[in-house]
Amino acid sequence: MAEGAEKEDVPVFENIDVNTKPFHLRSFRNLWLEALKPRLYSFSNTDPAREEVELMQEMGISPETLEELKTICSTDALRSHPEEEAPDPDVVPPEPKLATLKLRKKRQDYKKTLLRESIGRHDIYANEMEMLALGRKPEDPTDFVQEGEMILTFNVLYPVLFERFKYVRAYQTLLVLGSQKLSELRDGICCVSDLQVFGEFSSTPDMVPQFISKDHYKSAFFFFEGTFYNDMRFPECRDISTTTREWAKKNDFPEFKSTKMEDTTFYDLRLKVGYPYLYCHQGDCEHVVILTDIRLAHRDDCLDAKLYPLLTHKHRVATRKCCACHLYISRWITTNDPHAPSEPCLYCDQCFRSLHYDEQGNKLGDFNAFAYVDPGAFN
Amino acid sequence: MEHYKASLQTDCEQILGSFQASNSVRFEEFSKIWKQTDFSSIFHGISQIGEKRIFTRLALTVASPYLFPPYTFQIRVGGLYLLYGLYNSQSVTPKEKIRLALKDWSDLIKFQQDAVNAQHYDVVYILKKLLSDKALYFTAMPDPLSFNAKRKQKEGGNLNEMFVDRPSRPQELISTDMLEELANVHEHYEKLKQAVSAQAEKPELNLVKQNMVPKLHSAVVSYYSWQQNHTEFESQDAESDRGAGEGTTSQEESSRRAKLLESIKARSYGQAVEASRSRRHRQVEVTSAATNSEPAAGSSRYTSKAPSLKERTELRFLNQGDQNEGLQGVTRIWRLSAVEKEKIEEGKRPRFNWSSEREGDEA
């Protein structure tokens with residue numbers, strides 16, 4: 001039985017290729033650390049000479065054999081062309097033998113036949129964010145990510161805000177360290193509903209308060225494996241999971257637990273990899289959160305612990321432009337507006353002011369104006 | 001990028017297949033095959049950096065399962081060399097890492113131990129080199145998982161049977177030691193039973209068959225001989241209808257069947273072309289629907305779907321046209337086919353067919 005208990009924390013599939021069974025993250029990490037020699041996951045280079053001596057001892061071979069082994073197994077043995085006349089790696093070789101290359105060549109030939117080759121901006125910048133932090137070292141040595149730390153990858157999906165989001169699973173990817181608190185991930189997630197400003201400002205467009213909903217409504221929770229993790233860091237925070245829990249109690253559902261998000265690190269959790277969980281903030285802005293990957297930190301990762309949670313992927317949204325100039329991103333939304341071509345209507349700051357106010361700043365006509373935050377503003 | 005998965009798999013299986021044919025586990029042998037096929041060039045010809053990284057990741061993902069059971073030792077060695085080659089010939093910096101799941105770690109250690117015991121220095125050396133080069137990510141799962149993203153691409157079991165050891169579980173389970181042990185236990189049990197009931201044997205205590213041990217033995221032996229016969233038969237069968245020796249027989253059989261079905265279907269749809277002139281514009285769509293259905297029948301992944309409303313309406317119109325025989329005679333088939341061709345040229349360009357390469361290989 002003892003063996004079985006230990007095996008529980010070795011992740012295995014629950015549904016093949018979809019998600020794993022739940023396992024405790026700290027025990028999982030400990031299993032890896034027990035299995036590995038510290039130098040296998042250390043960030044520093046290992047001494048090659050020492051490795052060789054060890055290998056010779058282990059295998060009982062002479063230095064000559066090792067030398068021979070090294071030449072046989074060197075990566076030069078895999079080169080099919082001499083170094084100086086290596087073919088251009090940006091060109092598919094003529095007459096390829098490999099199926100992949102045949103397919104790529106076919107694709108390229110097809111692309112040439114297209115009249116207009118579209119260069120997707122999105123493709124070009126797709127991994128730009130990932131590259132930014134790669135191999136970054138902190139200035140202050142105390143900020144180093146510790147060796148043997150776990151890096152968790154979370155995909156945070158956007159709630160369906162628009163019609164078109166129904167067909168695309170828009171998400172952002174965040175990397176967090178296992179030793180971080182859940183609240184740190186919560187602060188790392190950016191969502192437009194945190195930035196809304198409530199109220200009607202048509203008569204006082206210059207007086208828009210700087211308070212956004214994030215400052216007003218600070219409650220939020222994560223829901224992992226039957227437990228609500230509430231954000232209770234501020235006095236005005238409320239346990240917004242109460243309603244759900246009480247409802248569950250009344251309707252004969254298994255009881256849900258609730259704890260504080262700021263007291264829990266990721267190592268304390270039992271999670272399934274690849275399983276959808278919930279992050280809810282602003283009362284009803286609900287994001288599906290998926291833990292896609294857990295692994296030991298590698299020396300090529302971003303090693304500055306201060307940069308975590310690290311945003312590595314973001315879905316790009318086409319911004320909605322001002323209806324007057326079609327140039328700038330909208331800042332205002334109006335309703336009941338006699339000047340507007342549509343109802344509701346979006347304006348950039350400049351167009352909004354020049355169209356709706358005279359030179360002295362007096363309101364022209366009767367309309368309602370609200371501040372508008374474009375979902376694409378984060379791009 | 002996912003489109004390259006199938007072709008990458010064929011490439012990997014090709015190189016591992018020829019490595020298997022060489023009957024060796026030496027790296028020299030592997031590197032010779034690698035050079036012959038110019039396998040490093042698999043990374044060539046990608047113009048965008050982002051795409052390069054994704055492709056590299058995909059290539060390593062496709063290659064890594066070959067390192068683990070249920071593949072035979074030789075294939076696993078080939079898999080290791082393949083990963084080593086791919087890792088070192090990739091063109092992105094920092095290099096994309098090989099992902100290793102915790103559940104596979106013990107397998108890897110066992111594999112290493114096997115290699116040490118069998119004195120395969122090159123295997124051990126390369127494994128150690130990968131580890132000391134920090135070429136591995138130590139992860140929870142072999143791939144990042146993002147819930148049901150893969151549901152659509154799922155294609156049955158893609159295990160290449162050529163590379164797998166024949167199942168020998170029954171033989172492993174029932175060894176001579178185990179049989180002996182069982183016989184001892186049985187004897188002991190009989191003795192105990194006698195001790196308990198001193199009197200004559202009670203029939204209600206005869207719960208276990210007396211000849212269990214020999215029966216078990218003979219069952220395993222007969223299973224083994226059946227397996228032997230079966231594989232012989234299979235290999236004969238395979239030789240007779242396999243040309244280049246790729247793919248499994250059952251696959252080819254099914255694809256042959258699918259083709260037969262397709263041709264029957266095509267013929268039956270082809271007859272429907274004759275219809276009233278006034279419905280001619282609909283005809284074109286019907287014939288194209290027939291061609292669309294062909295790949296679906298071939299892959300057998302999508303089992304027969306109920307026809308859509310559009311299709312059903314068209315069929316109904318067709319039937320009405322049949323009743324109207326006076327008009328039907330006017331339509332000529334060649335005329336219709338010409339119209340169809342024109343339409344393709346004028347209209348949208350055909351989209352790139354990612355899967356054609358694979359199908360071409362199988363045919």
# chains A, B, ... in the order shown; residues from 1 in each chain; ligands from 1

$ interface_residues --of "chain B" --to "chain A" --cutoff "8 Å" --atoms "only C-alpha atoms" --output "PyMOL selection string"
chain B and resi 4+7-8+10-11+27-28+31-32+34-51+85+88+94+102-103+116+119+121-122+125-126+131-132+134+137-141+143-150+352+354+357

$ select_by_dssp --residues "stretch 72-256 of chain A" --states "alpha helix (DSSP H)" --output "NGL selection string"
:A and (72-73 or 99-113 or 121-124 or 128-133 or 182-188 or 213-216 or 242-250)

$ write_last_selection --atoms "N, CA and C atoms" --output "CSV table (one decimal), in the first residue's frame"
chain,number,residue,atom,x,y,z
A,72,ILE,N,33.0,8.8,-32.4
A,72,ILE,CA,31.9,8.2,-33.1
A,72,ILE,C,30.6,8.9,-32.9
A,73,CYS,N,30.4,9.3,-31.6
A,73,CYS,CA,29.1,9.8,-31.3
A,73,CYS,C,29.0,11.3,-31.4
A,99,ALA,N,9.3,12.8,-46.3
A,99,ALA,CA,7.9,13.1,-46.5
A,99,ALA,C,7.6,14.5,-46.0
A,100,THR,N,8.2,14.9,-44.9
A,100,THR,CA,7.9,16.2,-44.4
A,100,THR,C,8.4,17.3,-45.4
A,101,LEU,N,9.6,17.1,-45.9
A,101,LEU,CA,10.1,18.1,-46.9
A,101,LEU,C,9.3,18.1,-48.1
A,102,LYS,N,8.8,17.0,-48.6
A,102,LYS,CA,7.9,17.0,-49.8
A,102,LYS,C,6.7,17.8,-49.5
A,103,LEU,N,6.2,17.6,-48.3
A,103,LEU,CA,4.9,18.3,-48.0
A,103,LEU,C,5.2,19.8,-47.9
A,104,ARG,N,6.4,20.2,-47.3
A,104,ARG,CA,6.7,21.6,-47.2
A,104,ARG,C,6.9,22.2,-48.5
A,105,LYS,N,7.6,21.5,-49.4
A,105,LYS,CA,7.9,22.0,-50.8
A,105,LYS,C,6.6,22.2,-51.5
A,106,LYS,N,5.7,21.3,-51.3
A,106,LYS,CA,4.4,21.4,-52.0
A,106,LYS,C,3.6,22.6,-51.5
A,107,ARG,N,3.7,22.8,-50.2
A,107,ARG,CA,3.0,24.0,-49.6
A,107,ARG,C,3.6,25.3,-50.1
A,108,GLN,N,5.0,25.3,-50.2
A,108,GLN,CA,5.6,26.5,-50.7
A,108,GLN,C,5.3,26.8,-52.2
A,109,ASP,N,5.3,25.7,-52.9
A,109,ASP,CA,5.0,25.9,-54.4
A,109,ASP,C,3.5,26.4,-54.5
A,110,TYR,N,2.7,25.9,-53.6
A,110,TYR,CA,1.3,26.3,-53.7
A,110,TYR,C,1.2,27.8,-53.3
A,111,LYS,N,2.0,28.2,-52.3
A,111,LYS,CA,2.0,29.6,-51.9
A,111,LYS,C,2.4,30.5,-53.0
A,112,LYS,N,3.4,30.0,-53.7
A,112,LYS,CA,3.9,30.9,-54.8
A,112,LYS,C,2.8,31.1,-55.9
A,113,THR,N,1.9,30.2,-56.0
A,113,THR,CA,0.8,30.4,-57.0
A,113,THR,C,-0.2,31.3,-56.6
A,121,ARG,N,0.8,39.3,-39.6
A,121,ARG,CA,1.5,39.9,-38.5
A,121,ARG,C,1.4,39.1,-37.2
A,122,HIS,N,0.3,38.4,-37.1
A,122,HIS,CA,0.1,37.6,-35.9
A,122,HIS,C,1.2,36.5,-35.8
A,123,ASP,N,1.5,35.9,-37.0
A,123,ASP,CA,2.4,34.8,-37.0
A,123,ASP,C,3.8,35.4,-36.6
A,124,ILE,N,4.1,36.5,-37.2
A,124,ILE,CA,5.5,37.1,-36.9
A,124,ILE,C,5.7,37.3,-35.5
A,128,GLU,N,6.9,36.3,-29.9
A,128,GLU,CA,7.8,37.5,-29.5
A,128,GLU,C,7.8,37.6,-27.9
A,129,MET,N,6.6,37.4,-27.3
A,129,MET,CA,6.6,37.6,-25.9
A,129,MET,C,7.4,36.5,-25.1
A,130,GLU,N,7.3,35.3,-25.7
A,130,GLU,CA,8.0,34.2,-25.1
A,130,GLU,C,9.5,34.5,-25.2
A,131,MET,N,9.9,35.0,-26.3
A,131,MET,CA,11.4,35.2,-26.5
A,131,MET,C,11.9,36.3,-25.6
A,132,LEU,N,11.1,37.3,-25.3
A,132,LEU,CA,11.5,38.4,-24.5
A,132,LEU,C,12.2,38.0,-23.2
A,133,ALA,N,11.6,37.0,-22.5
A,133,ALA,CA,12.0,36.7,-21.2
A,133,ALA,C,13.0,35.5,-21.2
A,182,LEU,N,-1.3,31.9,-4.9
A,182,LEU,CA,-2.4,32.0,-5.9
A,182,LEU,C,-2.7,33.4,-6.2
A,183,SER,N,-2.6,34.3,-5.2
A,183,SER,CA,-3.0,35.7,-5.4
A,183,SER,C,-2.0,36.3,-6.4
A,184,GLU,N,-0.8,35.8,-6.5
A,184,GLU,CA,0.1,36.4,-7.5
A,184,GLU,C,-0.3,36.1,-8.9
A,185,LEU,N,-0.8,34.9,-9.1
A,185,LEU,CA,-1.4,34.6,-10.4
A,185,LEU,C,-2.6,35.5,-10.7
A,186,ARG,N,-3.4,35.7,-9.7
A,186,ARG,CA,-4.6,36.5,-9.9
A,186,ARG,C,-4.2,37.9,-10.3
A,187,ASP,N,-3.1,38.5,-9.7
A,187,ASP,CA,-2.7,39.8,-10.1
A,187,ASP,C,-2.1,39.8,-11.5
A,188,GLY,N,-1.6,38.6,-12.0
A,188,GLY,CA,-1.0,38.6,-13.3
A,188,GLY,C,-2.0,38.5,-14.4
A,213,SER,N,-12.7,49.3,-12.1
A,213,SER,CA,-13.5,48.3,-11.3
A,213,SER,C,-12.6,47.5,-10.4
A,214,LYS,N,-11.3,47.3,-10.9
A,214,LYS,CA,-10.4,46.5,-10.1
A,214,LYS,C,-10.2,47.1,-8.7
A,215,ASP,N,-10.3,48.5,-8.6
A,215,ASP,CA,-10.2,49.1,-7.3
A,215,ASP,C,-11.5,49.0,-6.5
A,216,HIS,N,-12.6,49.0,-7.2
A,216,HIS,CA,-13.8,49.0,-6.5
A,216,HIS,C,-14.2,47.6,-6.0
A,242,THR,N,-19.7,32.3,-1.5
A,242,THR,CA,-20.7,31.9,-0.5
A,242,THR,C,-22.0,31.5,-1.2
A,243,THR,N,-22.5,32.3,-2.1
A,243,THR,CA,-23.7,32.0,-2.8
A,243,THR,C,-23.7,30.6,-3.4
A,244,THR,N,-22.6,30.3,-4.1
A,244,THR,CA,-22.5,29.0,-4.8
A,244,THR,C,-22.5,27.9,-3.8
A,245,ARG,N,-21.8,28.1,-2.7
A,245,ARG,CA,-21.6,27.0,-1.7
A,245,ARG,C,-22.9,26.7,-1.0
A,246,GLU,N,-23.6,27.8,-0.7
A,246,GLU,CA,-24.9,27.6,0.0
A,246,GLU,C,-25.9,26.9,-0.9
A,247,TRP,N,-25.9,27.4,-2.2
A,247,TRP,CA,-26.8,26.7,-3.2
A,247,TRP,C,-26.5,25.2,-3.3
A,248,ALA,N,-25.2,24.9,-3.3
A,248,ALA,CA,-24.8,23.5,-3.4
A,248,ALA,C,-25.3,22.7,-2.2
A,249,LYS,N,-25.2,23.4,-1.1
A,249,LYS,CA,-25.6,22.7,0.2
A,249,LYS,C,-27.1,22.4,0.1
A,250,LYS,N,-27.8,23.3,-0.3
A,250,LYS,CA,-29.3,23.2,-0.4
A,250,LYS,C,-29.7,22.1,-1.4

$ residues_around --residues "stretch 187-189 of chain B" --least-positions-apart "4" --cutoff "12 Å" --atoms "only C-alpha atoms" --output "list in words"
Glu180, Glu181, Leu182, Ala183, Lys193, Gln194, Ala195, Val196, Leu205, Asn206, Leu207, Val208, Gln210, Asn211, Met212 and Val213 of chain B

$ write_last_selection --atoms "N, CA and C atoms" --output "short mmCIF file (atom, residue, chain, number, x, y, z; two decimals), in the first residue's frame"
data_model
loop_
_atom_site.label_atom_id
_atom_site.label_comp_id
_atom_site.auth_asym_id
_atom_site.auth_seq_id
_atom_site.Cartn_x
_atom_site.Cartn_y
_atom_site.Cartn_z
N GLU B 180 5.52 -24.41 -10.37
CA GLU B 180 6.01 -25.22 -9.27
C GLU B 180 5.42 -24.74 -7.95
N GLU B 181 5.49 -23.43 -7.78
CA GLU B 181 4.96 -22.81 -6.57
C GLU B 181 3.49 -23.17 -6.40
N LEU B 182 2.80 -23.06 -7.50
CA LEU B 182 1.36 -23.35 -7.48
C LEU B 182 1.10 -24.80 -7.09
N ALA B 183 1.92 -25.70 -7.64
CA ALA B 183 1.76 -27.11 -7.32
C ALA B 183 1.98 -27.34 -5.83
N LYS B 193 -6.59 -29.79 4.09
CA LYS B 193 -7.98 -30.22 3.96
C LYS B 193 -8.17 -31.59 4.63
N GLN B 194 -7.20 -32.46 4.40
CA GLN B 194 -7.28 -33.79 5.00
C GLN B 194 -7.22 -33.69 6.52
N ALA B 195 -6.35 -32.79 6.99
CA ALA B 195 -6.20 -32.62 8.44
C ALA B 195 -7.50 -32.13 9.07
N VAL B 196 -8.17 -31.26 8.37
CA VAL B 196 -9.41 -30.69 8.91
C VAL B 196 -10.49 -31.74 9.03
N LEU B 205 -16.10 -30.17 -0.04
CA LEU B 205 -14.78 -29.55 0.08
C LEU B 205 -14.01 -29.60 -1.24
N ASN B 206 -14.52 -30.34 -2.20
CA ASN B 206 -13.83 -30.42 -3.49
C ASN B 206 -14.16 -29.20 -4.36
N LEU B 207 -13.56 -28.09 -3.99
CA LEU B 207 -13.87 -26.86 -4.72
C LEU B 207 -12.86 -26.59 -5.83
N VAL B 208 -11.67 -27.12 -5.66
CA VAL B 208 -10.63 -26.84 -6.65
C VAL B 208 -10.41 -28.06 -7.51
N GLN B 210 -8.55 -30.83 -9.47
CA GLN B 210 -7.31 -31.51 -9.10
C GLN B 210 -6.19 -31.26 -10.11
N ASN B 211 -6.56 -31.20 -11.36
CA ASN B 211 -5.52 -31.11 -12.40
C ASN B 211 -5.30 -29.67 -12.87
N MET B 212 -5.36 -28.74 -11.93
CA MET B 212 -5.28 -27.33 -12.35
C MET B 212 -3.91 -27.00 -12.94
N VAL B 213 -2.84 -27.45 -12.29
CA VAL B 213 -1.50 -27.07 -12.73
C VAL B 213 -1.19 -27.55 -14.14
#

$ atom_distance --atom1 "atom CA of A:Gln196" --atom2 "atom CA of A:Ile212"
5.5 Å

$ residues_around --residues "stretch 337-347 of chain A" --least-positions-apart "2" --cutoff "8 Å" --atoms "only C-alpha atoms" --output "VMD selection string"
chain A and resid 321 to 324 329 to 335 349 to 352 355 to 356 365 to 368
